[in-house]
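Chemist: What follows is a structure written as structure tokens; I'll ask about it next.
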Amino acid sequence: MAAIIRRFPVHLRSNARLLAPLVCRNFNTSESDGAGQSMLSKLFVKQVEPATAAHSRLLATKEYVYELQIHDVKPDCFEDYKAAAEQHLKNRHEDGNIPSKLFGSWITTFGHQDQAVHIWLYENGYKDIMQTRAMLLEDPEYVKYKKERLKMLVSRRNQLLQAFSFWGEPDPREPGNIYEMRSYHLKPGTMIEWGNNWRRGIECRRAKNENIAGLFTQIGDLYLVHHIFAYENLQTRKEVRENAWQKPGWDQTVAYTVPLIRKMESRIMRPFAHSPLK
């Protein structure tokens with residue numbers, strides 16, 4: 001077993017030593033091609049694949065750029081924030097002169113509390129972002145909304161992202177869904193490995209057409225990935241996630257991507273009334 005552990009990458013050897021007794025109990029001479037070998041195959045995580053070009057070229061096929069905005073709202077101001085946001089964001093989304101469209105807009109219910117998440121889509125990428133910014137700064141209604149919003153927030157932050165090409169576009173949905181945004185902070189240099197594994201793994205997560213978006217940051221916190229899923233309710237979420245383990249290849253997706261993660265978090269969210277994703 002010591003010889004086997006030396007074959008692991010340095011950063012995985014401590015975990016391998018902890019799991020060695022468990023492997024040994026399942027890896028006897030009569031079962032060397034059975035349970036023990038299966039467990040060993042899951043322990044040998046692939047080496048990080050080297051990048052040969054920018055992530056935006058290798059992982060995304062469109063010029064689309066997304067802006068994710070996170071607003072931490074003062075608890076006693078949330079109803080006022082909700083009313084102001086619903087009016088302004090709806091008007092901006094429907095304004096054909098502004099080159100941005102609202103992708104989705106949510107309120108968190110589990111995870112971070114008193115938090116709003118908005119995602120904007122810019123089809124012509126950074127060109128549209130700069131044009132939108134310039135137009136909004138000259139819009140009296142936006143300037144008024146921004147000043148009102150400032151009084152209601154504890155903090156705010158944003159990120160610019162692109163979408164994984166293999167994820168696909170979300171289908172229109174009937175109202176009544178909950179949404180989960182799972183955020184993964186990856187180790188630097190592992191984005192290509194993440195994308196290659198999830199390109200296969202996402203096929204195990206299309207059972208109820210729950211996949212909404214897979215996004216990776218270009219500006220803001222780097223090596224940060226957001227996966228967004230829609231479910232009828234929390235019980236459906238539980239069943240879909242459990243059923244994924246019955247599909248070939250899902251266990252490998254988990255085994256090969258977990259070592260790439262530094263930190264992860266989950267938000268359960270419900271859409272604002274004005275959100276295009278219901």
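If you're wondering about the labels, chains in the structure tokens are A, B, ... by order shown, residues count from 1 in each chain, ligands from 1 in order shown.
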Under the rule of at most 8 Å, produce a per-residue listing of range 169-193 of chain A near range 256-269 of chain A: chain, number, name, the closest pair of atoms, and the distance in Å, as JSON lines, using only C-alpha atoms.

Modeler:
```
{"residue": "A:Ile178", "atom": "CA", "partner": "A:Met269", "partner_atom": "CA", "distance": 5.9}
{"residue": "A:Tyr179", "atom": "CA", "partner": "A:Met269", "partner_atom": "CA", "distance": 5.0}
{"residue": "A:Glu180", "atom": "CA", "partner": "A:Ile268", "partner_atom": "CA", "distance": 4.6}
{"residue": "A:Met181", "atom": "CA", "partner": "A:Arg267", "partner_atom": "CA", "distance": 5.2}
{"residue": "A:Arg182", "atom": "CA", "partner": "A:Ser266", "partner_atom": "CA", "distance": 4.5}
{"residue": "A:Ser183", "atom": "CA", "partner": "A:Glu265", "partner_atom": "CA", "distance": 5.3}
{"residue": "A:Tyr184", "atom": "CA", "partner": "A:Met264", "partner_atom": "CA", "distance": 4.5}
{"residue": "A:His185", "atom": "CA", "partner": "A:Lys263", "partner_atom": "CA", "distance": 5.1}
{"residue": "A:Leu186", "atom": "CA", "partner": "A:Ile261", "partner_atom": "CA", "distance": 4.5}
{"residue": "A:Lys187", "atom": "CA", "partner": "A:Leu260", "partner_atom": "CA", "distance": 5.7}
{"residue": "A:Thr190", "atom": "CA", "partner": "A:Leu260", "partner_atom": "CA", "distance": 6.4}
{"residue": "A:Glu193", "atom": "CA", "partner": "A:Thr257", "partner_atom": "CA", "distance": 7.8}
```

Chemist: Mind checking which residues fall within 12 Å of Arg206 in chain A, counting only C-alpha atoms, ignoring those fewer than 2 positions away in the same chain, and posting them as a PDB file with N, CA, C and O atoms, in the first residue's frame?

Modeler:
```pdb
ATOM      1  N   TRP A 167     -23.228  23.450 -22.023  1.00  0.00           N
ATOM      2  CA  TRP A 167     -24.352  23.471 -21.084  1.00  0.00           C
ATOM      3  C   TRP A 167     -25.696  23.602 -21.792  1.00  0.00           C
ATOM      4  O   TRP A 167     -26.701  23.030 -21.376  1.00  0.00           O
ATOM      5  N   GLY A 168     -25.733  24.384 -22.862  1.00  0.00           N
ATOM      6  CA  GLY A 168     -26.984  24.587 -23.578  1.00  0.00           C
ATOM      7  C   GLY A 168     -27.771  25.774 -23.045  1.00  0.00           C
ATOM      8  O   GLY A 168     -27.433  26.354 -22.018  1.00  0.00           O
ATOM      9  N   PRO A 170     -31.278  27.546 -21.558  1.00  0.00           N
ATOM     10  CA  PRO A 170     -32.438  27.109 -20.751  1.00  0.00           C
ATOM     11  C   PRO A 170     -33.736  27.227 -21.533  1.00  0.00           C
ATOM     12  O   PRO A 170     -33.914  28.138 -22.339  1.00  0.00           O
ATOM     13  N   ASP A 171     -34.641  26.289 -21.304  1.00  0.00           N
ATOM     14  CA  ASP A 171     -35.964  26.337 -21.921  1.00  0.00           C
ATOM     15  C   ASP A 171     -36.894  27.218 -21.079  1.00  0.00           C
ATOM     16  O   ASP A 171     -36.694  27.360 -19.873  1.00  0.00           O
ATOM     17  N   ARG A 200     -18.968  15.811 -19.804  1.00  0.00           N
ATOM     18  CA  ARG A 200     -19.555  14.474 -19.748  1.00  0.00           C
ATOM     19  C   ARG A 200     -20.601  14.372 -18.643  1.00  0.00           C
ATOM     20  O   ARG A 200     -21.657  13.772 -18.812  1.00  0.00           O
ATOM     21  N   GLY A 201     -20.299  14.973 -17.480  1.00  0.00           N
ATOM     22  CA  GLY A 201     -21.176  14.823 -16.334  1.00  0.00           C
ATOM     23  C   GLY A 201     -22.529  15.482 -16.479  1.00  0.00           C
ATOM     24  O   GLY A 201     -23.518  15.009 -15.897  1.00  0.00           O
ATOM     25  N   ILE A 202     -22.630  16.558 -17.261  1.00  0.00           N
ATOM     26  CA  ILE A 202     -23.902  17.263 -17.379  1.00  0.00           C
ATOM     27  C   ILE A 202     -24.984  16.382 -17.990  1.00  0.00           C
ATOM     28  O   ILE A 202     -26.185  16.583 -17.753  1.00  0.00           O
ATOM     29  N   GLU A 203     -24.582  15.367 -18.765  1.00  0.00           N
ATOM     30  CA  GLU A 203     -25.572  14.464 -19.361  1.00  0.00           C
ATOM     31  C   GLU A 203     -26.331  13.681 -18.303  1.00  0.00           C
ATOM     32  O   GLU A 203     -27.437  13.204 -18.557  1.00  0.00           O
ATOM     33  N   CYS A 204     -25.744  13.554 -17.109  1.00  0.00           N
ATOM     34  CA  CYS A 204     -26.410  12.853 -16.006  1.00  0.00           C
ATOM     35  C   CYS A 204     -27.355  13.773 -15.245  1.00  0.00           C
ATOM     36  O   CYS A 204     -28.059  13.316 -14.340  1.00  0.00           O
ATOM     37  N   LYS A 208     -34.771  15.895 -15.599  1.00  0.00           N
ATOM     38  CA  LYS A 208     -35.992  16.689 -15.579  1.00  0.00           C
ATOM     39  C   LYS A 208     -35.757  18.064 -16.200  1.00  0.00           C
ATOM     40  O   LYS A 208     -36.420  19.031 -15.844  1.00  0.00           O
ATOM     41  N   ASN A 209     -34.783  18.136 -17.094  1.00  0.00           N
ATOM     42  CA  ASN A 209     -34.460  19.399 -17.764  1.00  0.00           C
ATOM     43  C   ASN A 209     -34.154  20.491 -16.744  1.00  0.00           C
ATOM     44  O   ASN A 209     -34.559  21.643 -16.896  1.00  0.00           O
ATOM     45  N   GLU A 210     -33.426  20.091 -15.685  1.00  0.00           N
ATOM     46  CA  GLU A 210     -33.192  21.025 -14.590  1.00  0.00           C
ATOM     47  C   GLU A 210     -32.023  21.967 -14.819  1.00  0.00           C
ATOM     48  O   GLU A 210     -31.880  22.973 -14.116  1.00  0.00           O
ATOM     49  N   ASN A 211     -31.146  21.666 -15.786  1.00  0.00           N
ATOM     50  CA  ASN A 211     -29.952  22.493 -15.974  1.00  0.00           C
ATOM     51  C   ASN A 211     -30.317  23.834 -16.621  1.00  0.00           C
ATOM     52  O   ASN A 211     -30.981  23.891 -17.647  1.00  0.00           O
ATOM     53  N   ILE A 212     -29.869  24.921 -15.987  1.00  0.00           N
ATOM     54  CA  ILE A 212     -30.171  26.271 -16.459  1.00  0.00           C
ATOM     55  C   ILE A 212     -28.936  26.926 -17.072  1.00  0.00           C
ATOM     56  O   ILE A 212     -28.963  27.421 -18.188  1.00  0.00           O
ATOM     57  N   ALA A 213     -27.830  26.956 -16.331  1.00  0.00           N
ATOM     58  CA  ALA A 213     -26.637  27.642 -16.827  1.00  0.00           C
ATOM     59  C   ALA A 213     -25.400  27.132 -16.098  1.00  0.00           C
ATOM     60  O   ALA A 213     -25.449  26.783 -14.924  1.00  0.00           O
ATOM     61  N   PHE A 229     -29.476  25.400 -11.404  1.00  0.00           N
ATOM     62  CA  PHE A 229     -30.454  24.367 -11.701  1.00  0.00           C
ATOM     63  C   PHE A 229     -31.837  24.833 -11.254  1.00  0.00           C
ATOM     64  O   PHE A 229     -31.965  25.625 -10.317  1.00  0.00           O
ATOM     65  N   ALA A 230     -32.883  24.323 -11.903  1.00  0.00           N
ATOM     66  CA  ALA A 230     -34.270  24.611 -11.528  1.00  0.00           C
ATOM     67  C   ALA A 230     -34.949  23.310 -11.101  1.00  0.00           C
ATOM     68  O   ALA A 230     -34.753  22.261 -11.730  1.00  0.00           O
ATOM     69  N   TYR A 231     -35.753  23.399 -10.053  1.00  0.00           N
ATOM     70  CA  TYR A 231     -36.487  22.243  -9.547  1.00  0.00           C
ATOM     71  C   TYR A 231     -37.905  22.667  -9.191  1.00  0.00           C
ATOM     72  O   TYR A 231     -38.162  23.839  -8.895  1.00  0.00           O
ATOM     73  N   VAL A 240     -33.655  14.105  -7.794  1.00  0.00           N
ATOM     74  CA  VAL A 240     -32.830  14.255  -9.000  1.00  0.00           C
ATOM     75  C   VAL A 240     -31.363  14.037  -8.677  1.00  0.00           C
ATOM     76  O   VAL A 240     -30.634  13.339  -9.407  1.00  0.00           O
ATOM     77  N   ARG A 241     -30.900  14.607  -7.573  1.00  0.00           N
ATOM     78  CA  ARG A 241     -29.497  14.466  -7.201  1.00  0.00           C
ATOM     79  C   ARG A 241     -29.164  13.019  -6.836  1.00  0.00           C
ATOM     80  O   ARG A 241     -28.089  12.522  -7.167  1.00  0.00           O
ATOM     81  N   ASN A 243     -30.752  10.308  -7.971  1.00  0.00           N
ATOM     82  CA  ASN A 243     -30.854   9.482  -9.182  1.00  0.00           C
ATOM     83  C   ASN A 243     -29.644   9.631 -10.102  1.00  0.00           C
ATOM     84  O   ASN A 243     -29.346   8.723 -10.890  1.00  0.00           O
ATOM     85  N   ALA A 244     -28.959  10.769 -10.016  1.00  0.00           N
ATOM     86  CA  ALA A 244     -27.777  10.966 -10.863  1.00  0.00           C
ATOM     87  C   ALA A 244     -26.723   9.892 -10.595  1.00  0.00           C
ATOM     88  O   ALA A 244     -25.969   9.503 -11.505  1.00  0.00           O
ATOM     89  N   LYS A 247     -26.529   6.740 -12.816  1.00  0.00           N
ATOM     90  CA  LYS A 247     -26.186   6.880 -14.231  1.00  0.00           C
ATOM     91  C   LYS A 247     -24.682   6.693 -14.436  1.00  0.00           C
ATOM     92  O   LYS A 247     -23.879   7.230 -13.667  1.00  0.00           O
TER      93      LYS A 247
END
```

Chemist: Would you work out the distance separating CA of Lys147 in chain A from CA of Tyr81 in chain A, expressed in Å to one decimal?

Modeler: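 For CA of Lys147 in chain A relative to CA of Tyr81 in chain A, the distance reads 11.7 Å.
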
Chemist: Identify, with DSSP run on backbone atoms, the residues in range 86-262 of chain A assigned to alpha helix (DSSP H), and express the list as a ChimeraX atom specification.

Modeler: /A:86-94,126-137,140-150,191-201,234-244,250-257

Chemist: Mind pulling up the distance from CA of Arg237 in chain A to CA of Glu67 in chain A?

Modeler: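 Computing it gives 26.1 Å between the two atoms.
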
Chemist: Expressed in Å to a single decimal, how great is the separation between CA of Arg157 in chain A and CA of Pro172 in chain A?

Modeler: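 CA of Arg157 in chain A sits 27.8 Å away from CA of Pro172 in chain A.
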
Chemist: Please give the complete set of residues from range 144-217 of chain A that DSSP, run on the backbone, assigns to strand (DSSP E or B), formatted as a PyMOL selection string.

Modeler: chain A and resi 153-163+178-186+211-217

Chemist: Given the choices A:Leu224, A:Val154, A:Leu277, A:Cys77, which gets closest to Met191 in chain A if the distance is worked out from only C-alpha atoms?

Modeler: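 Nearest candidate to Met191 in chain A out of A:Leu224, A:Val154, A:Leu277, A:Cys77: A:Leu224.
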
Chemist: List the neighbours of Leu160 in chain A out to 10 Å using only C-alpha atoms; skip same-chain residues closer than 6 positions along the sequence, and give me the result as a VMD selection string.

Modeler: chain A and resid 65 to 69 119 to 121 125 to 126 129 215 to 222

Chemist: Would you save the residues of that selection, restricted to N, CA and C atoms, as a PDB file, in the first residue's frame?

Modeler:
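Written file, selection.pdb:
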```
ATOM      1  N   VAL A  65     -21.473  37.634 -22.891  1.00  0.00           N
ATOM      2  CA  VAL A  65     -20.916  37.849 -21.559  1.00  0.00           C
ATOM      3  C   VAL A  65     -22.080  38.072 -20.606  1.00  0.00           C
ATOM      4  N   TYR A  66     -21.979  37.506 -19.427  1.00  0.00           N
ATOM      5  CA  TYR A  66     -23.010  37.646 -18.404  1.00  0.00           C
ATOM      6  C   TYR A  66     -22.463  38.472 -17.250  1.00  0.00           C
ATOM      7  N   GLU A  67     -23.309  39.314 -16.698  1.00  0.00           N
ATOM      8  CA  GLU A  67     -22.937  40.051 -15.487  1.00  0.00           C
ATOM      9  C   GLU A  67     -23.791  39.535 -14.338  1.00  0.00           C
ATOM     10  N   LEU A  68     -23.142  38.983 -13.337  1.00  0.00           N
ATOM     11  CA  LEU A  68     -23.827  38.507 -12.142  1.00  0.00           C
ATOM     12  C   LEU A  68     -23.686  39.567 -11.057  1.00  0.00           C
ATOM     13  N   GLN A  69     -24.802  40.056 -10.558  1.00  0.00           N
ATOM     14  CA  GLN A  69     -24.820  41.058  -9.503  1.00  0.00           C
ATOM     15  C   GLN A  69     -25.398  40.434  -8.234  1.00  0.00           C
ATOM     16  N   ILE A 119     -28.787  38.404 -12.976  1.00  0.00           N
ATOM     17  CA  ILE A 119     -27.845  38.071 -14.055  1.00  0.00           C
ATOM     18  C   ILE A 119     -28.328  38.745 -15.337  1.00  0.00           C
ATOM     19  N   TRP A 120     -27.434  39.546 -15.934  1.00  0.00           N
ATOM     20  CA  TRP A 120     -27.700  40.236 -17.190  1.00  0.00           C
ATOM     21  C   TRP A 120     -26.918  39.588 -18.323  1.00  0.00           C
ATOM     22  N   LEU A 121     -27.507  39.563 -19.494  1.00  0.00           N
ATOM     23  CA  LEU A 121     -26.881  38.983 -20.677  1.00  0.00           C
ATOM     24  C   LEU A 121     -26.544  40.085 -21.676  1.00  0.00           C
ATOM     25  N   GLY A 125     -21.076  40.885 -26.040  1.00  0.00           N
ATOM     26  CA  GLY A 125     -19.951  40.875 -25.119  1.00  0.00           C
ATOM     27  C   GLY A 125     -19.627  42.225 -24.510  1.00  0.00           C
ATOM     28  N   TYR A 126     -18.329  42.491 -24.414  1.00  0.00           N
ATOM     29  CA  TYR A 126     -17.851  43.674 -23.708  1.00  0.00           C
ATOM     30  C   TYR A 126     -18.259  44.973 -24.399  1.00  0.00           C
ATOM     31  N   ILE A 129     -21.517  45.807 -22.931  1.00  0.00           N
ATOM     32  CA  ILE A 129     -21.376  46.197 -21.526  1.00  0.00           C
ATOM     33  C   ILE A 129     -21.004  47.666 -21.418  1.00  0.00           C
ATOM     34  N   LEU A 215     -21.638  28.797 -15.700  1.00  0.00           N
ATOM     35  CA  LEU A 215     -20.909  30.031 -15.965  1.00  0.00           C
ATOM     36  C   LEU A 215     -19.563  30.020 -15.260  1.00  0.00           C
ATOM     37  N   PHE A 216     -18.566  30.641 -15.900  1.00  0.00           N
ATOM     38  CA  PHE A 216     -17.253  30.766 -15.264  1.00  0.00           C
ATOM     39  C   PHE A 216     -16.776  32.205 -15.383  1.00  0.00           C
ATOM     40  N   THR A 217     -16.108  32.696 -14.334  1.00  0.00           N
ATOM     41  CA  THR A 217     -15.766  34.114 -14.254  1.00  0.00           C
ATOM     42  C   THR A 217     -14.619  34.482 -15.181  1.00  0.00           C
ATOM     43  N   GLN A 218     -14.718  35.709 -15.680  1.00  0.00           N
ATOM     44  CA  GLN A 218     -13.652  36.337 -16.435  1.00  0.00           C
ATOM     45  C   GLN A 218     -13.106  37.564 -15.686  1.00  0.00           C
ATOM     46  N   ILE A 219     -13.984  38.238 -14.949  1.00  0.00           N
ATOM     47  CA  ILE A 219     -13.595  39.391 -14.135  1.00  0.00           C
ATOM     48  C   ILE A 219     -14.332  39.289 -12.805  1.00  0.00           C
ATOM     49  N   GLY A 220     -13.616  39.542 -11.723  1.00  0.00           N
ATOM     50  CA  GLY A 220     -14.147  39.378 -10.380  1.00  0.00           C
ATOM     51  C   GLY A 220     -13.342  38.298  -9.690  1.00  0.00           C
ATOM     52  N   ASP A 221     -13.981  37.490  -8.831  1.00  0.00           N
ATOM     53  CA  ASP A 221     -13.294  36.337  -8.250  1.00  0.00           C
ATOM     54  C   ASP A 221     -12.984  35.342  -9.362  1.00  0.00           C
ATOM     55  N   LEU A 222     -11.706  35.079  -9.595  1.00  0.00           N
ATOM     56  CA  LEU A 222     -11.322  34.203 -10.700  1.00  0.00           C
ATOM     57  C   LEU A 222     -11.337  32.737 -10.279  1.00  0.00           C
TER      58      LEU A 222
END
```

Chemist: Counting only C-alpha atoms, which of A:Phe110, A:Tyr145, A:Trp194, A:Phe103 gets nearest to Phe272 in chain A?

Modeler: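 Nearest to Phe272 in chain A: A:Phe103.
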
Chemist: Find the residues near Arg149 in chain A: any atom within 9 Å, counting only C-alpha atoms, skip ones fewer than 2 places away on the same chain, and give them as an MDAnalysis selection string.

Modeler: chainID A and resid 80:81 84:85 144:147 151:153

Chemist: Measuring atom to atom with only C-alpha atoms, identify which of A:Leu137, A:Glu123, A:Asp128, A:Gly189 is nearest to Lys62 in chain A.

Modeler: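 Of A:Leu137, A:Glu123, A:Asp128, A:Gly189, the one nearest Lys62 in chain A, counting only C-alpha atoms, is A:Glu123.
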
Chemist: Could you name the residues that touch Asn177 in chain A at 8 Å or less, counting only C-alpha atoms, but leaving out those on the same chain fewer than 3 positions away, as a PyMOL selection string?

Modeler: chain A and resi 174+230-233+270-271+278
